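Peer 1: What follows is protein_26.txt, made up of compact mmCIF, C-alpha atoms:
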```txt
# COMPACT_ATOMS: atom_id res chain seq x y z
CA MET A 1 -36.38 10.63 13.42
CA LYS A 2 -32.75 10.79 14.40
CA PRO A 3 -30.32 8.81 12.26
CA PRO A 4 -28.83 5.70 13.88
CA ILE A 5 -25.56 6.18 15.70
CA GLU A 6 -22.69 4.92 13.63
CA PRO A 7 -20.58 2.19 15.24
CA VAL A 8 -17.19 3.24 16.50
CA SER A 9 -14.70 2.71 13.74
CA PHE A 10 -11.00 3.09 13.31
CA ILE A 11 -11.36 3.33 9.55
CA HIS A 12 -9.53 6.35 8.32
CA PRO A 13 -9.36 7.75 4.79
CA SER A 14 -5.58 7.50 4.91
CA ALA A 15 -5.93 3.72 4.67
CA ARG A 16 -6.25 3.92 0.93
CA PRO A 17 -2.79 5.25 0.06
CA GLN A 18 -1.22 2.64 2.32
CA TYR A 19 -2.89 -0.29 0.59
CA PRO A 20 -3.96 1.09 -2.78
CA THR A 21 -4.67 -2.29 -4.32
CA LEU A 22 -6.77 -3.87 -1.59
CA PRO A 23 -10.56 -3.92 -1.84
CA LEU A 24 -12.32 -1.47 0.48
CA ARG A 25 -14.22 -4.37 2.03
CA LEU A 26 -10.95 -5.78 3.40
CA LEU A 27 -9.84 -2.39 4.68
CA GLY A 28 -13.19 -2.08 6.43
CA LEU A 29 -12.47 -5.23 8.43
CA ALA A 30 -9.24 -3.84 9.88
CA ASP A 31 -8.34 -1.48 12.66
CA VAL A 32 -6.68 1.33 10.74
CA ALA A 33 -4.11 3.42 12.55
CA THR A 34 -3.82 7.14 12.04
CA ASN A 35 -0.84 6.60 9.75
CA GLY A 36 -2.94 4.31 7.53
CA GLU A 37 -1.45 0.99 8.60
CA CYS A 38 -3.99 -1.83 8.84
CA PHE A 39 -4.28 -4.35 11.67
CA TRP A 40 -6.60 -7.27 10.88
CA PRO A 41 -8.43 -9.41 13.44
CA GLY A 42 -7.35 -13.05 13.62
CA ASP A 43 -10.38 -14.44 11.82
CA ARG A 44 -9.88 -12.08 8.85
CA ALA A 45 -6.10 -11.89 8.78
CA GLY A 46 -5.72 -14.93 6.53
CA GLU A 47 -7.98 -13.37 3.93
CA ALA A 48 -5.99 -10.14 4.07
CA ALA A 49 -2.65 -11.95 3.76
CA ARG A 50 -3.90 -13.89 0.73
CA ALA A 51 -5.13 -10.66 -0.86
CA LEU A 52 -1.74 -9.00 -0.38
CA ALA A 53 0.04 -12.01 -1.88
CA ALA A 54 -2.42 -12.09 -4.78
CA GLN A 55 -1.32 -8.52 -5.55
CA GLY A 56 2.28 -9.75 -5.84
CA LEU A 57 3.37 -8.32 -2.49
CA PHE A 58 6.01 -10.18 -0.50
CA ILE A 59 4.94 -10.30 3.17
CA THR A 60 8.33 -9.93 4.79
CA GLY A 61 6.98 -10.40 8.30
CA GLY A 62 4.44 -8.98 10.64
CA GLU A 63 3.41 -7.98 14.10
CA VAL A 64 0.83 -9.31 16.51
CA TYR A 65 -1.16 -7.14 18.88
CA CYS A 66 -3.84 -7.76 21.46
CA ARG A 67 -6.86 -5.47 21.23
CA ARG A 68 -7.64 -3.87 24.54
CA ALA A 69 -10.85 -2.68 26.17
CA VAL A 70 -9.12 0.53 27.21
CA GLY A 71 -6.76 1.98 24.68
CA TRP A 72 -6.17 0.29 21.37
CA ALA A 73 -3.81 -2.68 21.55
CA ALA A 74 -0.75 -4.12 23.22
CA TYR A 75 2.21 -5.24 21.13
CA LEU A 76 2.78 -8.97 21.63
CA GLY A 77 5.46 -9.92 19.14
CA GLU A 78 6.40 -10.37 15.52
CA TRP A 79 7.59 -12.84 12.95
CA VAL A 80 9.96 -12.52 10.03
CA THR A 81 10.06 -14.63 6.93
CA SER A 82 13.14 -16.78 6.81
CA ALA A 83 14.80 -14.82 4.06
CA LEU A 84 18.21 -16.46 4.21
CA GLN A 85 17.20 -19.10 1.72
CA ILE A 86 15.28 -16.83 -0.60
CA ALA A 87 17.57 -13.86 -1.12
CA ASP A 88 18.26 -14.98 -4.67
CA ALA A 89 14.93 -16.70 -5.26
CA PRO A 90 12.42 -15.67 -7.93
CA TRP A 91 9.93 -13.08 -6.71
CA ALA A 92 6.99 -15.49 -6.92
CA GLU A 93 8.77 -17.82 -4.51
CA CYS A 94 9.36 -14.94 -2.06
CA VAL A 95 5.66 -14.09 -2.23
CA ALA A 96 4.63 -17.71 -1.65
CA ARG A 97 6.97 -18.18 1.28
CA GLY A 98 5.96 -14.86 2.86
CA LEU A 99 2.31 -15.87 2.63
CA ALA A 100 2.99 -19.31 4.08
CA ASP A 101 4.84 -17.82 7.05
CA ALA A 102 2.07 -15.26 7.60
CA LEU A 103 -0.60 -17.97 7.60
CA ARG A 104 1.48 -20.02 10.04
CA ALA A 105 1.72 -16.99 12.34
CA ILE A 106 -2.05 -16.43 12.16
CA GLU A 107 -2.82 -20.08 12.89
CA ARG A 108 -0.30 -20.31 15.70
CA ASP A 109 -1.64 -21.10 19.16
CA PRO A 110 -2.51 -17.64 20.53
CA ALA A 111 -0.93 -18.54 23.86
CA ALA A 112 2.43 -18.73 22.08
CA TRP A 113 2.37 -14.95 21.64
CA GLY A 114 2.64 -14.46 25.39
CA GLU A 115 0.57 -13.85 28.41
CA ALA A 116 -0.88 -10.52 27.31
CA TRP A 117 -3.47 -11.93 24.90
CA GLU A 118 -6.98 -12.18 26.30
CA SER A 119 -8.90 -14.08 23.62
CA PRO A 120 -8.16 -15.16 20.05
CA GLN A 121 -10.76 -12.71 18.75
CA ASN A 122 -8.75 -9.85 20.21
CA LEU A 123 -5.59 -10.59 18.27
CA ARG A 124 -4.66 -8.15 15.52
CA PHE A 125 -2.15 -8.83 12.73
CA PHE A 126 -0.05 -6.30 10.82
CA PHE A 127 1.69 -7.40 7.62
CA ALA A 128 4.89 -5.72 6.47
CA SER A 129 4.95 -6.12 2.72
CA ALA A 130 7.19 -5.16 -0.15
CA PRO A 131 6.47 -4.77 -3.86
CA GLU A 132 8.81 -6.26 -6.43
CA THR A 133 11.59 -3.82 -7.22
CA PRO A 134 13.75 -3.92 -10.32
CA GLY A 135 17.21 -5.36 -9.82
CA MET B 1 19.33 -6.56 9.16
CA SER B 2 20.56 -2.99 9.47
CA VAL B 3 18.69 -0.47 7.37
CA ASP B 4 20.50 2.76 6.47
CA VAL B 5 18.16 5.70 7.14
CA GLY B 6 20.57 8.51 6.36
CA SER B 7 23.44 10.61 7.52
CA THR B 8 23.65 11.80 11.12
CA ASP B 9 23.72 15.43 9.99
CA GLU B 10 20.29 15.04 8.38
CA PHE B 11 18.76 14.76 11.86
CA VAL B 12 17.86 17.68 14.11
CA PRO B 13 18.18 16.69 17.78
CA GLY B 14 14.78 16.01 19.32
CA LYS B 15 12.95 16.03 15.97
CA PRO B 16 11.84 12.52 14.97
CA ARG B 17 11.95 11.53 11.31
CA VAL B 18 9.73 8.78 9.91
CA PHE B 19 10.97 6.03 7.61
CA ASP B 20 9.49 3.08 5.82
CA VAL B 21 11.69 0.30 7.23
CA ASN B 22 10.86 -2.94 5.44
CA GLY B 23 7.19 -2.13 5.10
CA ARG B 24 6.50 -0.53 8.46
CA GLU B 25 6.66 3.02 9.73
CA VAL B 26 9.48 3.63 12.16
CA LEU B 27 10.46 6.94 13.77
CA VAL B 28 14.13 7.69 14.34
CA VAL B 29 15.32 10.44 16.64
CA ASN B 30 18.58 11.78 17.98
CA TRP B 31 18.37 13.02 21.57
CA ARG B 32 21.20 14.04 23.87
CA ASP B 33 23.86 12.26 21.81
CA ASP B 34 21.86 9.05 21.76
CA TRP B 35 19.78 7.45 19.00
CA PHE B 36 16.38 5.80 19.23
CA ALA B 37 13.90 4.10 16.89
CA LEU B 38 10.28 3.18 17.63
CA ARG B 39 7.27 1.97 15.68
CA ASN B 40 5.28 5.03 14.69
CA VAL B 41 1.90 3.92 16.10
CA CYS B 42 0.76 4.80 19.59
CA PRO B 43 -0.82 1.69 21.21
CA HIS B 44 -3.27 3.88 23.07
CA GLN B 45 -5.34 5.18 20.15
CA THR B 46 -3.12 4.59 17.11
CA GLU B 47 -1.89 8.17 16.84
CA ILE B 48 1.30 9.01 14.94
CA LEU B 49 3.99 9.18 17.61
CA ALA B 50 6.52 11.06 15.54
CA THR B 51 4.64 14.34 15.83
CA GLY B 52 4.94 14.16 19.61
CA GLY B 53 7.57 15.86 21.70
CA VAL B 54 10.78 14.28 22.93
CA THR B 55 11.60 15.05 26.52
CA GLU B 56 13.36 13.83 29.62
CA GLU B 57 11.46 12.11 32.40
CA ILE B 58 10.92 14.12 35.55
CA GLY B 59 10.37 12.04 38.67
CA PRO B 60 10.05 12.58 42.40
CA GLY B 61 13.11 13.90 44.17
CA GLU B 62 14.53 12.91 47.52
CA ARG B 63 12.29 15.27 49.46
CA VAL B 64 8.54 15.76 49.31
CA GLY B 65 7.67 18.30 46.68
CA GLN B 66 11.08 18.00 45.06
CA LEU B 67 11.48 16.91 41.46
CA ARG B 68 14.47 15.59 39.60
CA VAL B 69 15.36 14.73 36.02
CA THR B 70 15.79 10.96 35.80
CA GLY B 71 17.72 10.97 32.55
CA ARG B 72 15.25 8.64 30.82
CA ALA B 73 14.35 9.84 27.32
CA LEU B 74 10.64 9.84 26.52
CA ILE B 75 8.38 10.61 23.60
CA ALA B 76 4.91 11.98 24.29
CA CYS B 77 2.04 11.02 22.00
CA PRO B 78 0.51 14.25 20.69
CA ARG B 79 -3.09 13.13 21.20
CA HIS B 80 -3.26 12.39 24.93
CA VAL B 81 0.37 12.97 25.99
CA TRP B 82 0.87 9.35 26.97
CA THR B 83 4.63 8.96 27.20
CA PHE B 84 6.85 6.09 26.07
CA ASP B 85 10.41 5.21 26.96
CA LEU B 86 12.39 5.82 23.79
CA ARG B 87 14.80 2.99 24.54
CA THR B 88 12.36 0.21 25.47
CA GLY B 89 9.04 1.47 24.07
CA GLN B 90 7.42 0.93 27.47
CA CYS B 91 4.45 3.17 28.19
CA THR B 92 4.85 5.12 31.42
CA VAL B 93 1.10 5.63 31.84
CA ASP B 94 -0.09 2.04 31.32
CA PRO B 95 2.80 -0.40 31.86
CA SER B 96 0.93 -3.13 29.97
CA LEU B 97 1.40 -1.21 26.74
CA ARG B 98 4.59 -0.86 24.79
CA VAL B 99 5.76 0.14 21.35
CA ARG B 100 8.20 -1.98 19.40
CA ALA B 101 11.66 -0.45 19.86
CA TYR B 102 14.59 -1.01 17.50
CA ARG B 103 18.33 -0.90 18.07
CA VAL B 104 20.09 1.99 16.32
CA LEU B 105 23.74 1.94 15.29
CA VAL B 106 25.84 4.82 14.01
CA GLN B 107 28.69 3.82 11.73
CA ASP B 108 30.84 6.21 9.72
CA GLY B 109 28.29 8.96 10.10
CA ARG B 110 25.41 6.80 8.89
CA VAL B 111 22.37 5.94 11.01
CA LEU B 112 21.41 2.25 10.84
CA VAL B 113 18.20 0.77 12.24
CA ASP B 114 18.48 -2.90 13.16
CA ASP B 115 15.09 -4.39 12.39
CA GLY B 116 15.99 -7.81 13.76
CA ARG B 117 15.82 -9.53 10.39
CA PRO B 118 18.58 -11.84 9.21
CA GLU B 119 21.11 -10.44 6.76
CA ARG B 120 20.84 -11.28 3.06
CA SER B 121 17.14 -10.53 2.99
CA PRO B 122 15.94 -9.10 -0.31
CA ARG B 123 16.99 -5.52 0.22
CA ARG B 124 14.81 -2.49 -0.14
CA PRO B 125 16.39 0.89 0.45
CA ALA B 126 14.88 2.76 3.38
CA GLN B 127 13.09 5.92 2.43
CA THR B 128 11.09 8.55 4.19
CA VAL B 129 7.37 7.88 4.30
CA GLU B 130 6.76 10.92 2.11
CA ALA B 131 9.02 9.46 -0.57
CA ALA B 132 7.29 6.09 -0.31
CA ASP B 133 3.90 7.76 -0.77
CA ARG B 134 5.16 9.58 -3.84
CA ALA B 135 6.37 6.30 -5.33
CA ARG B 136 2.96 4.61 -4.87
```
Would you write out, as structure tokens, the structure that this file holds?
Peer 2:
Amino acid sequence: MKPPIEPVSFIHPSARPQYPTLPLRLLGLADVATNGECFWPGDRAGEAARALAAQGLFITGGEVYCRRAVGWAAYLGEWVTSALQIADAPWAECVARGLADALRAIERDPAAWGEAWESPQNLRFFFASAPETPG
Amino acid sequence: MSVDVGSTDEFVPGKPRVFDVNGREVLVVNWRDDWFALRNVCPHQTEILATGGVTEEIGPGERVGQLRVTGRALIACPRHVWTFDLRTGQCTVDPSLRVRAYRVLVQDGRVLVDDGRPERSPRRPAQTVEAADRAR
């Protein structure tokens, strides 16, 4: 008997160096680009953002894409965390505010990202994150 | 916020270099005395754009069968040769696709990528992706 055909997957081994601290299960939920960057679907993006914050990573902003039937995805827009007020804040506060902004972006009305989105399930979220650096 | 990605003389014309700019991969390239920066993910099938070739667009000329150089700088994805306008990120094959493009400034011989963030953000020095991988 022939083995079952594996589903099409964007998972790439290079995902691991990009997000070394995230559980493989979360990586498996994402579209993973060839450079290892992860793009999570809307219904899983909140879980991913919380996992990044739980690792002490400051989500400095992110990008929103719309998954396409042909090709991968169209870039819709991005958000940045309002860093003006937190430049001198403790790291934990940066992490908390970055997570809050990311969750707001995920829960935003999909129509607000523009006309290119086709359904909420097709949205993909990329999180730009930074580890704490000395000084 | 402008992120310093290096000195102008560290760049070879037409050869993109990849940087970690505030947590995302961005390619920076010098082409014909101009500077460009794009996200390093092809929206077609997520290929790394930086390994593609930089070229000038060739379009139809005034007469049938005639071609002309339009002057528009393009980068071609290495996987399927889909091309993107280096200034706007617009795909020339499927106009509904585009790559995030960033403004590049050159000041005092330094190349600065404006990532659109407000100043006074917690700063992280830009580094090449290879250096970021080594640090992980």
Peer 1: Quick one: pull the distance between atom CA of Val29 of chain B and atom CA of Val64 of chain A, Å, one decimal.
Peer 2: 24.5 Å
Peer 1: Have a look at B:Gly89, B:Pro13, B:Gly52, B:Gly6 and name the one nearest to chain A; count all atoms listed in the file.
Peer 2: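 Answer, going by the shortest atom-to-atom distance: B:Gly89.
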Peer 1: Kindly determine which residues of chain A lie within 7 Å of chain B, considering all atoms listed in the file, and give the answer as a list in words.
Peer 2: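 Selected residues: Ala33, Thr34, Asn35, Gly71, Trp72, Ala73, Ala74, Tyr75, Val80, Ala83, Leu84, Ala87, Ala128, Ser129 and Ala130 of chain A.
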Peer 1: Between atom CA of Pro23 of chain A and atom CA of Leu27 of chain B, what is the distance in Å, rounded to a tenth?
Peer 2: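 Atom CA of Pro23 of chain A sits 28.3 Å away from atom CA of Leu27 of chain B.
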Peer 1: Please, what distance in Å, to one decimal, runs between atom CA of Thr81 of chain A and atom CA of Asp101 of chain A?
Peer 2: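 Distance reported for this atom pair: 6.1 Å.
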Peer 1: For segment 79-91 of chain B, what centre and edge lengths in Å (one decimal) does the axis-aligned box get once 3 Å is added on each side of all its listed atoms, as lines of an AutoDock Vina configuration file?
Peer 2:
```
center_x = 5.8
center_y = 6.7
center_z = 24.7
size_x = 24.1
size_y = 18.9
size_z = 13.0
```
Peer 1: Using all atoms listed in the file, can you tell me which of B:Leu112, B:Leu74, B:Val5, B:Ala101 comes closest to Ala37 of chain B?
Peer 2: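 Among the listed residues, B:Ala101 lies closest to Ala37 of chain B.
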Peer 1: Using only C-alpha atoms and a cutoff of 12 Å, can you tell me which residues are near (-12.5, -11.8, 17.5) in the file's coordinates, and write them out as an mmCIF file with C-alpha atoms, in the coordinates of the input?
Peer 2:
```
data_model
loop_
_atom_site.group_PDB
_atom_site.id
_atom_site.type_symbol
_atom_site.label_atom_id
_atom_site.label_comp_id
_atom_site.auth_asym_id
_atom_site.auth_seq_id
_atom_site.Cartn_x
_atom_site.Cartn_y
_atom_site.Cartn_z
ATOM 1 C CA LEU A 29 -12.470 -5.230 8.430
ATOM 2 C CA ALA A 30 -9.240 -3.840 9.880
ATOM 3 C CA TRP A 40 -6.600 -7.270 10.880
ATOM 4 C CA PRO A 41 -8.430 -9.410 13.440
ATOM 5 C CA GLY A 42 -7.350 -13.050 13.620
ATOM 6 C CA ASP A 43 -10.380 -14.440 11.820
ATOM 7 C CA ARG A 44 -9.880 -12.080 8.850
ATOM 8 C CA ALA A 45 -6.100 -11.890 8.780
ATOM 9 C CA CYS A 66 -3.840 -7.760 21.460
ATOM 10 C CA ARG A 67 -6.860 -5.470 21.230
ATOM 11 C CA ARG A 68 -7.640 -3.870 24.540
ATOM 12 C CA PRO A 110 -2.510 -17.640 20.530
ATOM 13 C CA TRP A 117 -3.470 -11.930 24.900
ATOM 14 C CA GLU A 118 -6.980 -12.180 26.300
ATOM 15 C CA SER A 119 -8.900 -14.080 23.620
ATOM 16 C CA PRO A 120 -8.160 -15.160 20.050
ATOM 17 C CA GLN A 121 -10.760 -12.710 18.750
ATOM 18 C CA ASN A 122 -8.750 -9.850 20.210
ATOM 19 C CA LEU A 123 -5.590 -10.590 18.270
ATOM 20 C CA ARG A 124 -4.660 -8.150 15.520
ATOM 21 C CA PHE A 125 -2.150 -8.830 12.730
#
```
Peer 1: Do a neighbour search on Asp34 of chain B at 10 Å with all atoms listed in the file, toss out local chain neighbours closer than 6 positions, and write the hits as number ranges by chain.
Peer 2: B: 13, 73, 87, 104-106
Peer 1: Quick one: residues within 7 Å of Thr8 of chain B, all atoms listed in the file counted, chain neighbours fewer than 6 positions away excluded, as number ranges by chain?
Peer 2: B: 109-111
